[in-house]
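Undergrad: This one is coords27.pdb, PDB, C-alpha atoms and all ligand atoms.
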ATOM      1  CA  MET A   1      14.047  -0.633  14.006
ATOM      2  CA  ALA A   2      13.605   0.333  10.360
ATOM      3  CA  LEU A   3      13.161   4.039   9.660
ATOM      4  CA  VAL A   4       9.571   5.100   9.016
ATOM      5  CA  ASP A   5       8.886   6.637   5.592
ATOM      6  CA  SER A   6       6.173   9.150   6.427
ATOM      7  CA  SER A   7       5.036   9.395   2.805
ATOM      8  CA  TRP A   8       3.404   5.939   2.977
ATOM      9  CA  GLN A   9       3.764   4.587   6.511
ATOM     10  CA  PHE A  10       0.944   5.849   8.675
ATOM     11  CA  THR A  11      -1.011   5.060  11.810
ATOM     12  CA  ARG A  12      -4.224   7.026  11.317
ATOM     13  CA  ALA A  13      -6.756   8.007   8.694
ATOM     14  CA  VAL A  14      -9.657  10.469   8.730
ATOM     15  CA  THR A  15     -12.736   9.756   6.601
ATOM     16  CA  ARG A  16     -16.182  11.335   6.430
ATOM     17  CA  LYS A  17     -19.462   9.470   6.085
ATOM     18  CA  PRO A  18     -21.168  10.303   2.795
ATOM     19  CA  GLY A  19     -24.319  12.386   3.244
ATOM     20  CA  ARG A  20     -27.484  11.812   1.208
ATOM     21  CA  SER A  21     -26.546  15.029  -0.608
ATOM     22  CA  VAL A  22     -23.604  13.197  -2.205
ATOM     23  CA  VAL A  23     -25.863  12.518  -5.198
ATOM     24  CA  ASN A  24     -25.492  16.255  -5.955
ATOM     25  CA  GLY A  25     -21.682  16.176  -5.817
ATOM     26  CA  LEU A  26     -19.606  17.972  -8.418
ATOM     27  CA  ARG A  27     -18.727  16.113 -11.610
ATOM     28  CA  ALA A  28     -16.977  17.052 -14.829
ATOM     29  CA  VAL A  29     -19.295  14.954 -16.991
ATOM     30  CA  ASP A  30     -22.756  13.912 -15.868
ATOM     31  CA  VAL A  31     -23.049  10.145 -16.230
ATOM     32  CA  GLY A  32     -25.931   9.968 -13.749
ATOM     33  CA  ALA A  33     -26.170  10.296  -9.987
ATOM     34  CA  PRO A  34     -24.350   7.776  -7.811
ATOM     35  CA  ASP A  35     -26.428   5.022  -6.219
ATOM     36  CA  PHE A  36     -26.360   6.008  -2.553
ATOM     37  CA  ASP A  37     -26.635   2.501  -1.096
ATOM     38  CA  LEU A  38     -23.898   1.107  -3.303
ATOM     39  CA  LEU A  39     -21.706   4.095  -2.533
ATOM     40  CA  MET A  40     -22.183   3.415   1.200
ATOM     41  CA  THR A  41     -21.205  -0.241   0.672
ATOM     42  CA  HIS A  42     -18.049   0.814  -1.177
ATOM     43  CA  HIS A  43     -17.250   3.368   1.509
ATOM     44  CA  ALA A  44     -17.514   0.719   4.228
ATOM     45  CA  ALA A  45     -15.200  -1.562   2.216
ATOM     46  CA  TYR A  46     -12.725   1.293   1.875
ATOM     47  CA  ILE A  47     -12.651   1.829   5.631
ATOM     48  CA  HIS A  48     -12.234  -1.903   6.128
ATOM     49  CA  ALA A  49      -9.241  -1.878   3.744
ATOM     50  CA  LEU A  50      -7.636   0.986   5.667
ATOM     51  CA  ARG A  51      -8.105  -0.897   8.935
ATOM     52  CA  GLN A  52      -6.668  -4.040   7.385
ATOM     53  CA  ALA A  53      -3.602  -1.970   6.486
ATOM     54  CA  GLY A  54      -3.231  -0.964  10.131
ATOM     55  CA  ALA A  55      -5.088   2.346  10.241
ATOM     56  CA  GLU A  56      -6.902   3.713  13.225
ATOM     57  CA  VAL A  57      -9.785   5.239  11.237
ATOM     58  CA  ILE A  58     -11.428   8.377  12.584
ATOM     59  CA  GLU A  59     -14.840   8.511  10.920
ATOM     60  CA  LEU A  60     -16.408  11.960  10.871
ATOM     61  CA  GLU A  61     -20.153  12.460  10.623
ATOM     62  CA  ALA A  62     -21.793  13.312   7.299
ATOM     63  CA  GLU A  63     -22.052  17.003   6.336
ATOM     64  CA  GLU A  64     -25.248  17.310   4.290
ATOM     65  CA  GLU A  65     -24.543  20.948   3.511
ATOM     66  CA  PHE A  66     -21.455  19.905   1.516
ATOM     67  CA  PRO A  67     -22.189  17.168  -1.066
ATOM     68  CA  ASP A  68     -18.475  16.575  -1.736
ATOM     69  CA  ALA A  69     -17.397  16.518   1.926
ATOM     70  CA  LEU A  70     -16.648  12.768   1.828
ATOM     71  CA  PHE A  71     -13.643  13.655  -0.356
ATOM     72  CA  VAL A  72     -11.767  14.829   2.731
ATOM     73  CA  GLU A  73      -8.355  14.648   1.080
ATOM     74  CA  ASP A  74      -8.829  17.940  -0.712
ATOM     75  CA  THR A  75      -9.196  19.963   2.484
ATOM     76  CA  ALA A  76      -5.783  19.442   4.083
ATOM     77  CA  LEU A  77      -2.154  18.467   3.569
ATOM     78  CA  CYS A  78      -1.073  16.178   6.411
ATOM     79  CA  LEU A  79       2.613  15.950   7.277
ATOM     80  CA  PRO A  80       4.374  14.704  10.400
ATOM     81  CA  GLU A  81       5.390  18.326  11.125
ATOM     82  CA  GLY A  82       1.802  19.555  11.034
ATOM     83  CA  VAL A  83      -1.309  20.022   8.955
ATOM     84  CA  ILE A  84      -1.927  22.733   6.350
ATOM     85  CA  LEU A  85      -5.551  23.579   5.624
ATOM     86  CA  MET A  86      -6.248  24.078   1.932
ATOM     87  CA  ARG A  87      -8.395  26.629   0.096
ATOM     88  CA  PRO A  88     -10.482  24.691  -2.454
ATOM     89  CA  GLY A  89     -10.883  26.128  -5.915
ATOM     90  CA  ALA A  90     -14.440  24.810  -6.149
ATOM     91  CA  PRO A  91     -16.563  27.521  -4.437
ATOM     92  CA  SER A  92     -19.075  24.924  -3.150
ATOM     93  CA  ARG A  93     -16.218  23.179  -1.283
ATOM     94  CA  LEU A  94     -14.673  26.202   0.476
ATOM     95  CA  GLY A  95     -16.763  25.700   3.619
ATOM     96  CA  GLU A  96     -15.530  22.108   4.043
ATOM     97  CA  VAL A  97     -12.256  23.418   5.437
ATOM     98  CA  ASP A  98     -13.765  24.998   8.550
ATOM     99  CA  VAL A  99     -15.796  21.894   9.342
ATOM    100  CA  ILE A 100     -12.759  19.629   9.230
ATOM    101  CA  ALA A 101     -10.294  22.005  10.907
ATOM    102  CA  GLU A 102     -11.697  21.477  14.394
ATOM    103  CA  HIS A 103     -11.204  17.706  14.077
ATOM    104  CA  LEU A 104      -7.664  17.959  12.727
ATOM    105  CA  ALA A 105      -6.316  20.539  15.181
ATOM    106  CA  PRO A 106      -5.896  18.138  18.133
ATOM    107  CA  LEU A 107      -4.254  15.477  15.938
ATOM    108  CA  PHE A 108      -1.230  17.497  14.769
ATOM    109  CA  PRO A 109       1.628  19.339  16.474
ATOM    110  CA  ARG A 110       0.787  22.470  14.484
ATOM    111  CA  MET A 111      -1.723  23.804  12.007
ATOM    112  CA  ALA A 112      -1.351  26.362   9.226
ATOM    113  CA  ARG A 113      -3.789  27.571   6.607
ATOM    114  CA  ILE A 114      -3.731  28.779   3.024
ATOM    115  CA  SER A 115      -5.317  32.188   3.443
ATOM    116  CA  GLY A 116      -5.740  33.122  -0.230
ATOM    117  CA  PRO A 117      -6.442  34.756  -2.573
ATOM    118  CA  GLY A 118      -4.979  31.689  -4.293
ATOM    119  CA  THR A 119      -6.694  28.321  -4.295
ATOM    120  CA  ILE A 120      -5.298  24.847  -3.765
ATOM    121  CA  GLU A 121      -6.813  21.391  -3.241
ATOM    122  CA  ALA A 122      -4.728  18.570  -1.796
ATOM    123  CA  GLY A 123      -5.807  16.214  -4.581
ATOM    124  CA  ASP A 124      -3.160  18.132  -6.511
ATOM    125  CA  ILE A 125      -0.432  17.300  -3.973
ATOM    126  CA  LEU A 126       1.762  14.197  -3.945
ATOM    127  CA  THR A 127       4.247  13.961  -1.084
ATOM    128  CA  THR A 128       7.342  11.853  -1.658
ATOM    129  CA  PRO A 129      10.224  11.475   0.790
ATOM    130  CA  ARG A 130      12.258  14.154  -0.940
ATOM    131  CA  GLU A 131       9.737  16.670  -2.281
ATOM    132  CA  VAL A 132       6.162  17.835  -2.391
ATOM    133  CA  LEU A 133       4.833  17.757  -5.968
ATOM    134  CA  VAL A 134       1.967  20.156  -6.677
ATOM    135  CA  GLY A 135      -0.019  20.222  -9.903
ATOM    136  CA  GLN A 136      -1.542  23.380 -11.305
ATOM    137  CA  SER A 137      -5.088  22.461 -12.278
ATOM    138  CA  ALA A 138      -8.512  24.013 -12.690
ATOM    139  CA  ARG A 139      -8.728  23.923  -8.850
ATOM    140  CA  THR A 140      -5.156  24.831  -7.868
ATOM    141  CA  ASN A 141      -3.619  28.049  -9.158
ATOM    142  CA  SER A 142      -0.186  29.644  -9.057
ATOM    143  CA  ASP A 143      -1.046  31.930  -6.114
ATOM    144  CA  GLY A 144      -2.185  28.935  -4.062
ATOM    145  CA  ILE A 145       0.972  27.040  -4.946
ATOM    146  CA  ALA A 146       3.162  30.051  -4.080
ATOM    147  CA  GLU A 147       1.539  30.378  -0.666
ATOM    148  CA  LEU A 148       2.005  26.680   0.038
ATOM    149  CA  ALA A 149       5.622  26.830  -1.154
ATOM    150  CA  SER A 150       6.484  29.561   1.309
ATOM    151  CA  LEU A 151       4.767  27.736   4.181
ATOM    152  CA  LEU A 152       6.547  24.493   3.327
ATOM    153  CA  GLU A 153       9.880  26.249   3.003
ATOM    154  CA  SER A 154       9.551  27.415   6.598
ATOM    155  CA  TRP A 155       8.948  23.752   7.517
ATOM    156  CA  GLY A 156      12.097  22.685   5.635
ATOM    157  CA  ARG A 157      10.245  21.049   2.722
ATOM    158  CA  THR A 158      10.797  21.541  -1.012
ATOM    159  CA  LEU A 159       7.853  22.068  -3.345
ATOM    160  CA  ARG A 160       8.031  21.323  -7.078
ATOM    161  CA  GLU A 161       5.293  22.596  -9.364
ATOM    162  CA  VAL A 162       4.223  20.061 -11.964
ATOM    163  CA  PRO A 163       1.762  19.937 -14.881
ATOM    164  CA  VAL A 164      -1.660  18.301 -14.788
ATOM    165  CA  PRO A 165      -2.799  16.850 -18.134
ATOM    166  CA  GLU A 166      -5.642  18.733 -19.856
ATOM    167  CA  GLY A 167      -9.068  17.635 -18.676
ATOM    168  CA  VAL A 168      -7.734  15.812 -15.589
ATOM    169  CA  LEU A 169      -9.323  16.999 -12.317
ATOM    170  CA  HIS A 170      -6.327  16.715  -9.978
ATOM    171  CA  PHE A 171      -2.656  15.773 -10.274
ATOM    172  CA  LYS A 172      -3.289  12.641  -8.196
ATOM    173  CA  THR A 173      -6.194  11.617 -10.423
ATOM    174  CA  ASP A 174      -3.368  10.352 -12.635
ATOM    175  CA  CYS A 175      -0.720   9.105 -10.187
ATOM    176  CA  SER A 176       0.008   7.613  -6.761
ATOM    177  CA  LEU A 177       3.005   6.923  -4.608
ATOM    178  CA  LEU A 178       3.769   3.198  -4.361
ATOM    179  CA  ASP A 179       6.819   3.532  -2.129
ATOM    180  CA  GLY A 180       9.555   6.076  -1.472
ATOM    181  CA  LYS A 181      10.952   5.738  -4.991
ATOM    182  CA  THR A 182       8.132   4.369  -7.133
ATOM    183  CA  ILE A 183       5.096   6.024  -8.693
ATOM    184  CA  LEU A 184       2.044   4.510 -10.347
ATOM    185  CA  SER A 185       1.196   6.820 -13.252
ATOM    186  CA  THR A 186      -0.820   7.085 -16.415
ATOM    187  CA  GLN A 187       1.170   7.194 -19.622
ATOM    188  CA  ARG A 188      -0.052  10.729 -20.409
ATOM    189  CA  LEU A 189       1.289  12.078 -17.096
ATOM    190  CA  ALA A 190       4.558  10.131 -17.212
ATOM    191  CA  ASP A 191       5.093  11.491 -20.746
ATOM    192  CA  THR A 192       5.437  14.997 -19.293
ATOM    193  CA  GLY A 193       8.723  13.853 -17.703
ATOM    194  CA  VAL A 194       7.569  14.778 -14.233
ATOM    195  CA  PHE A 195       8.663  11.441 -12.737
ATOM    196  CA  ASP A 196      11.958  11.106 -14.563
ATOM    197  CA  SER A 197      13.884  10.766 -11.303
ATOM    198  CA  TYR A 198      11.544   8.050  -9.988
ATOM    199  CA  LYS A 199      10.797   4.487 -10.945
ATOM    200  CA  VAL A 200       7.417   4.446 -12.717
ATOM    201  CA  ILE A 201       4.848   1.694 -13.107
ATOM    202  CA  LEU A 202       2.316   2.608 -15.779
ATOM    203  CA  THR A 203      -1.388   1.901 -15.643
ATOM    204  CA  ALA A 204      -2.482  -0.433 -18.435
ATOM    205  CA  GLN A 205      -3.950   1.153 -21.545
ATOM    206  CA  GLY A 206      -7.632   1.847 -21.002
ATOM    207  CA  GLU A 207      -7.163   1.542 -17.207
ATOM    208  CA  GLU A 208      -6.127   5.156 -16.554
ATOM    209  CA  ALA A 209      -8.649   5.388 -13.701
ATOM    210  CA  ALA A 210      -6.547   2.849 -11.778
ATOM    211  CA  ALA A 211      -3.858   5.499 -11.248
ATOM    212  CA  ASN A 212      -5.553   6.937  -8.186
ATOM    213  CA  ALA A 213      -4.574   4.380  -5.557
ATOM    214  CA  ILE A 214      -3.052   4.687  -2.091
ATOM    215  CA  ARG A 215      -0.113   3.033  -0.467
ATOM    216  CA  TYR A 216      -0.890   2.549   3.222
ATOM    217  CA  ASN A 217       1.785   0.574   5.089
ATOM    218  CA  ASP A 218       2.101  -2.843   3.448
ATOM    219  CA  TYR A 219      -0.949  -2.425   1.192
ATOM    220  CA  VAL A 220      -1.797  -0.713  -2.064
ATOM    221  CA  ILE A 221      -5.519   0.050  -2.009
ATOM    222  CA  MET A 222      -6.861   0.491  -5.516
ATOM    223  CA  PRO A 223     -10.212   0.668  -7.293
ATOM    224  CA  GLU A 224     -11.831  -2.561  -8.444
ATOM    225  CA  GLY A 225     -12.152  -3.333 -12.155
ATOM    226  CA  PHE A 226      -8.620  -2.785 -13.474
ATOM    227  CA  PRO A 227      -7.234  -6.315 -13.799
ATOM    228  CA  LYS A 228      -4.155  -5.579 -15.897
ATOM    229  CA  THR A 229      -2.850  -2.828 -13.634
ATOM    230  CA  THR A 230      -3.686  -4.872 -10.532
ATOM    231  CA  GLU A 231      -1.718  -7.771 -11.958
ATOM    232  CA  SER A 232       1.312  -5.664 -12.810
ATOM    233  CA  LEU A 233       1.394  -4.275  -9.273
ATOM    234  CA  ARG A 234       1.172  -7.803  -7.854
ATOM    235  CA  GLN A 235       3.931  -8.935 -10.227
ATOM    236  CA  ALA A 236       6.057  -6.064  -8.929
ATOM    237  CA  GLY A 237       5.600  -7.442  -5.410
ATOM    238  CA  TYR A 238       2.925  -5.145  -3.988
ATOM    239  CA  LEU A 239       0.169  -6.445  -1.750
ATOM    240  CA  VAL A 240      -2.969  -5.120  -3.457
ATOM    241  CA  THR A 241      -6.493  -4.739  -2.072
ATOM    242  CA  CYS A 242      -9.260  -3.693  -4.479
ATOM    243  CA  VAL A 243     -12.280  -1.668  -3.387
ATOM    244  CA  GLY A 244     -15.376  -0.850  -5.463
ATOM    245  CA  ASN A 245     -15.369   2.737  -6.672
ATOM    246  CA  SER A 246     -17.994   2.879  -9.435
ATOM    247  CA  GLU A 247     -20.203   5.381  -7.586
ATOM    248  CA  CYS A 248     -17.509   7.823  -6.410
ATOM    249  CA  ALA A 249     -16.036   7.634  -9.905
ATOM    250  CA  LYS A 250     -19.254   9.278 -11.172
ATOM    251  CA  LEU A 251     -18.143  12.277  -9.074
ATOM    252  CA  ASP A 252     -14.509  12.074 -10.209
ATOM    253  CA  GLY A 253     -13.503  10.674  -6.810
ATOM    254  CA  GLY A 254     -11.119   7.816  -6.126
ATOM    255  CA  MET A 255      -9.105   6.060  -3.454
ATOM    256  CA  SER A 256      -6.959   8.953  -2.299
ATOM    257  CA  CYS A 257      -9.804  11.483  -2.115
ATOM    258  CA  LEU A 258     -11.696   9.514   0.531
ATOM    259  CA  SER A 259      -9.188   9.857   3.375
ATOM    260  CA  LEU A 260      -6.508  11.883   5.026
ATOM    261  CA  ARG A 261      -3.605   9.658   6.023
ATOM    262  CA  PHE A 262      -0.942  10.481   8.593
TER     263      PHE A 262
HETATM  264  C1  LIG B   1     -14.905  17.367  -6.805
HETATM  265  O1  LIG B   1     -15.144  17.612  -7.992
HETATM  266  O2  LIG B   1     -14.324  18.163  -6.079
HETATM  267  C2  LIG B   1     -15.363  16.052  -6.233
HETATM  268  N1  LIG B   1     -16.583  15.654  -6.867
HETATM  269  C3  LIG B   1     -14.313  14.991  -6.401
HETATM  270  C4  LIG B   1     -13.067  15.271  -5.610
HETATM  271  C5  LIG B   1     -12.021  14.244  -5.827
HETATM  272  N2  LIG B   1     -10.893  14.487  -4.997
HETATM  273  C6  LIG B   1      -9.645  14.152  -5.299
HETATM  274  O3  LIG B   1      -9.355  13.745  -6.434
HETATM  275  N3  LIG B   1      -8.706  14.373  -4.377
END
Before anything else, please render the file you have as structure tokens.
Ligand code: CIR

TA:
Amino acid sequence: MALVDSSWQFTRAVTRKPGRSVVNGLRAVDVGAPDFDLLMTHHAAYIHALRQAGAEVIELEAEEEFPDALFVEDTALCLPEGVILMRPGAPSRLGEVDVIAEHLAPLFPRMARISGPGTIEAGDILTTPREVLVGQSARTNSDGIAELASLLESWGRTLREVPVPEGVLHFKTDCSLLDGKTILSTQRLADTGVFDSYKVILTAQGEEAAANAIRYNDYVIMPEGFPKTTESLRQAGYLVTCVGNSECAKLDGGMSCLSLRF
């Protein structure tokens, strides 16, 4: 049997139903509130795509108190060795960690937690087979990264701190893992040299928002509306599924943010 690469071969995913309060979610630039019904349609398509890729999807109930709670990715780093609960840098998102912790505890062999004072959101974390890349952003600071580094060291993992381009919410807003050796990245992030030891496929010019995709088993799940990048991934041999993301994009959310995969 082929070895499993735990950075993109998974069996489960956790998602959270969007609450009505999602229309009040955080956003860097206000381009109008998301259309709730369309967002729900996109969310259902996203879950369908995960299932198509072989995921057992655990759908958590909506949390009206936390408008951004559908973006479950930011609350935890999931590894085969265990789960590490994050400490979001957005004050309105801090409480999301407690409400997800109880669901994650039974699914992992062990659980650890970033206790602070630093902050870190898992949207800034990209796990590859050989290292855990963590971007310092407006949400993730050096104290948060240092605390994660020491936890990961005790789990035998190496953390590398990396830059996040100015004005970009999270490190993974601009990149995704396509397989153990290949990264999908925007030009501006690749230009920092961060992926010099990887093979890089660039998003097409003007399609930077296509960079936040997920590799889940045989599939790359990416946002709809980026034909050039979709085509170059298909040309490179990837099996691509596109899912509508126009409404989550109004809240700076994309494919990775909507699930925890393990
Ligand atoms: C936020 O600003 O926190 C949310 N509106 C979007 C979070 C997106 N999460 C991610 O990129 N991992």

Undergrad: Skipping near chain neighbours, those fewer than 6 positions away, what residues fall within 10 Å of Ala249 in chain A using only C-alpha atoms, listed as a PyMOL selection string?

TA: chain A and resi 27+31+34+39+209+223+255

Undergrad: So what do you get for CA of Gln205 in chain A versus CA of Leu126 in chain A, distance-wise?

TA: 22.6 Å

Undergrad: The PyMOL selection byres (((chain A and resi 64-66) around 9) and not hetatm) - which residues does that actually catch in the file I just gave you? List them as a PDB file with C-alpha atoms, in the frame of the given file.

TA:
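The result, stored in out_14.pdb:
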ATOM      1  CA  PRO A  18     -21.168  10.303   2.795  1.00  0.00           C
ATOM      2  CA  GLY A  19     -24.319  12.386   3.244  1.00  0.00           C
ATOM      3  CA  ARG A  20     -27.484  11.812   1.208  1.00  0.00           C
ATOM      4  CA  SER A  21     -26.546  15.029  -0.608  1.00  0.00           C
ATOM      5  CA  VAL A  22     -23.604  13.197  -2.205  1.00  0.00           C
ATOM      6  CA  GLY A  25     -21.682  16.176  -5.817  1.00  0.00           C
ATOM      7  CA  ALA A  62     -21.793  13.312   7.299  1.00  0.00           C
ATOM      8  CA  GLU A  63     -22.052  17.003   6.336  1.00  0.00           C
ATOM      9  CA  PRO A  67     -22.189  17.168  -1.066  1.00  0.00           C
ATOM     10  CA  ASP A  68     -18.475  16.575  -1.736  1.00  0.00           C
ATOM     11  CA  ALA A  69     -17.397  16.518   1.926  1.00  0.00           C
ATOM     12  CA  LEU A  70     -16.648  12.768   1.828  1.00  0.00           C
ATOM     13  CA  SER A  92     -19.075  24.924  -3.150  1.00  0.00           C
ATOM     14  CA  ARG A  93     -16.218  23.179  -1.283  1.00  0.00           C
ATOM     15  CA  GLY A  95     -16.763  25.700   3.619  1.00  0.00           C
ATOM     16  CA  GLU A  96     -15.530  22.108   4.043  1.00  0.00           C
TER      17      GLU A  96
END

Undergrad: Name the residues that the PyMOL selection byres (((chain A and resi 161) around 8) and not hetatm) pulls out of this structure, and write them as a ChimeraX atom specification.

TA: /A:133-136,145,159-160,162-163

Undergrad: Taking all atoms listed in the file into account, list the residues no farther than 6 Å from ligand LIG 1 (chain B), as an MDAnalysis selection string.

TA: chainID A and resid 25:27 68 71 73:74 123 170 173 251:253 257

Undergrad: Measuring atom to atom with all atoms listed in the file, identify which of A:Ser7, A:Thr15, A:Ser154, A:Ser142 is nearest to Gly116 in chain A.

TA: A:Ser142

Undergrad: What separation in Å, quoted to one decimal, exists between CA of Cys242 in chain A and CA of Asn212 in chain A?

TA: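 Computing it gives 11.9 Å between the two atoms.
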
Undergrad: For the structure shown, which residues end up in the PyMOL selection byres (((chain A and resi 12) around 6) and not hetatm)? Put them as JSON, numbers by chain, please?

TA: {"A": [10, 11, 13, 55, 56, 57, 261, 262]}

Undergrad: Could you check how far CA of Lys181 in chain A sits from CA of Leu85 in chain A, in Å to one decimal?

TA: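 Taking CA of Lys181 in chain A and CA of Leu85 in chain A, their separation equals 26.5 Å.
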
Undergrad: So which residues are close to (-9.9, 15.2, -15.4), meaning at most 10 Å away in the file's coordinates with all atoms listed in the file counted, and can you show them as a list in words?

TA: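 Those residues lying close to the given coordinates are Arg27, Ala28, Val29, Ser137, Ala138, Val164, Pro165, Glu166, Gly167, Val168, Leu169, His170, Phe171, Thr173, Asp174 and Asp252 of chain A.
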
Undergrad: Range 99-207 of chain A near range 227-240 of chain A within 8 Å: what's each residue's closest atom pair and its distance in Å to one decimal, counting only C-alpha atoms, ordered by chain then ascending residue number, as CSV?

TA:
residue,atom,partner,partner_atom,distance
A:Ile201,CA,A:Leu233,CA,7.9
A:Leu202,CA,A:Thr229,CA,7.8
A:Thr203,CA,A:Thr229,CA,5.3
A:Ala204,CA,A:Thr229,CA,5.4
A:Glu207,CA,A:Thr229,CA,7.1

Undergrad: For those residues, write C-alpha atoms to a file as a CSV table (one decimal), in the coordinates of the input.

TA:
chain,number,residue,atom,x,y,z
A,201,ILE,CA,4.8,1.7,-13.1
A,202,LEU,CA,2.3,2.6,-15.8
A,203,THR,CA,-1.4,1.9,-15.6
A,204,ALA,CA,-2.5,-0.4,-18.4
A,207,GLU,CA,-7.2,1.5,-17.2

Undergrad: May I ask which of the residues A:Lys250, A:Ser150, A:Leu177, A:Glu59 is the closest one to His103 in chain A, counting all atoms listed in the file?

TA: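 Closest residue, counting all atoms listed in the file: A:Glu59.
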
Undergrad: Which residues are near Ala90 in chain A? Cut-off 10 Å, only C-alpha atoms, ignore same chain within fewer than 6 positions. Put them as a PyMOL selection string.

TA: chain A and resi 26+119-121+138-140

Undergrad: Could you save those same residues with C-alpha atoms as an mmCIF file, in the coordinates of the input?

TA:
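result-v3.cif written:
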data_model
loop_
_atom_site.group_PDB
_atom_site.id
_atom_site.type_symbol
_atom_site.label_atom_id
_atom_site.label_comp_id
_atom_site.auth_asym_id
_atom_site.auth_seq_id
_atom_site.Cartn_x
_atom_site.Cartn_y
_atom_site.Cartn_z
ATOM 1 C CA LEU A 26 -19.606 17.972 -8.418
ATOM 2 C CA THR A 119 -6.694 28.321 -4.295
ATOM 3 C CA ILE A 120 -5.298 24.847 -3.765
ATOM 4 C CA GLU A 121 -6.813 21.391 -3.241
ATOM 5 C CA ALA A 138 -8.512 24.013 -12.690
ATOM 6 C CA ARG A 139 -8.728 23.923 -8.850
ATOM 7 C CA THR A 140 -5.156 24.831 -7.868
#

Undergrad: Can you pull out every residue within 8 Å of Val243 in chain A, counting all atoms listed in the file, but drop anything in the same chain fewer than 2 positions away, and send it as a ChimeraX atom specification?

TA: /A:42,45-46,49,221-224,241,245

Undergrad: Residues as selected, C-alpha atoms, written as a PDB file, in the coordinates of the input, can you do that?

TA:
ATOM      1  CA  HIS A  42     -18.049   0.814  -1.177  1.00  0.00           C
ATOM      2  CA  ALA A  45     -15.200  -1.562   2.216  1.00  0.00           C
ATOM      3  CA  TYR A  46     -12.725   1.293   1.875  1.00  0.00           C
ATOM      4  CA  ALA A  49      -9.241  -1.878   3.744  1.00  0.00           C
ATOM      5  CA  ILE A 221      -5.519   0.050  -2.009  1.00  0.00           C
ATOM      6  CA  MET A 222      -6.861   0.491  -5.516  1.00  0.00           C
ATOM      7  CA  PRO A 223     -10.212   0.668  -7.293  1.00  0.00           C
ATOM      8  CA  GLU A 224     -11.831  -2.561  -8.444  1.00  0.00           C
ATOM      9  CA  THR A 241      -6.493  -4.739  -2.072  1.00  0.00           C
ATOM     10  CA  ASN A 245     -15.369   2.737  -6.672  1.00  0.00           C
TER      11      ASN A 245
END

Undergrad: In terms of the shortest atom-to-atom distance over all atoms listed in the file, which of A:Ala101, A:Arg87, A:Pro106, A:Val14 is closest to Gly118 in chain A?

TA: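 Under the stated criterion, the closest residue is A:Arg87.
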
Undergrad: A:Met40, A:Leu260, A:Val194, A:Gly156: which is nearest Cys78 in chain A, counting only C-alpha atoms?

TA: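 Among the listed residues, A:Leu260 lies closest to Cys78 in chain A.
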
Undergrad: Using all atoms listed in the file, which of the listed residues (A:Trp8, A:Ala211, A:Met86, A:Lys17) sits closest to Thr41 in chain A?

TA: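 Ranked by minimum distance to Thr41 in chain A, first place goes to A:Lys17.
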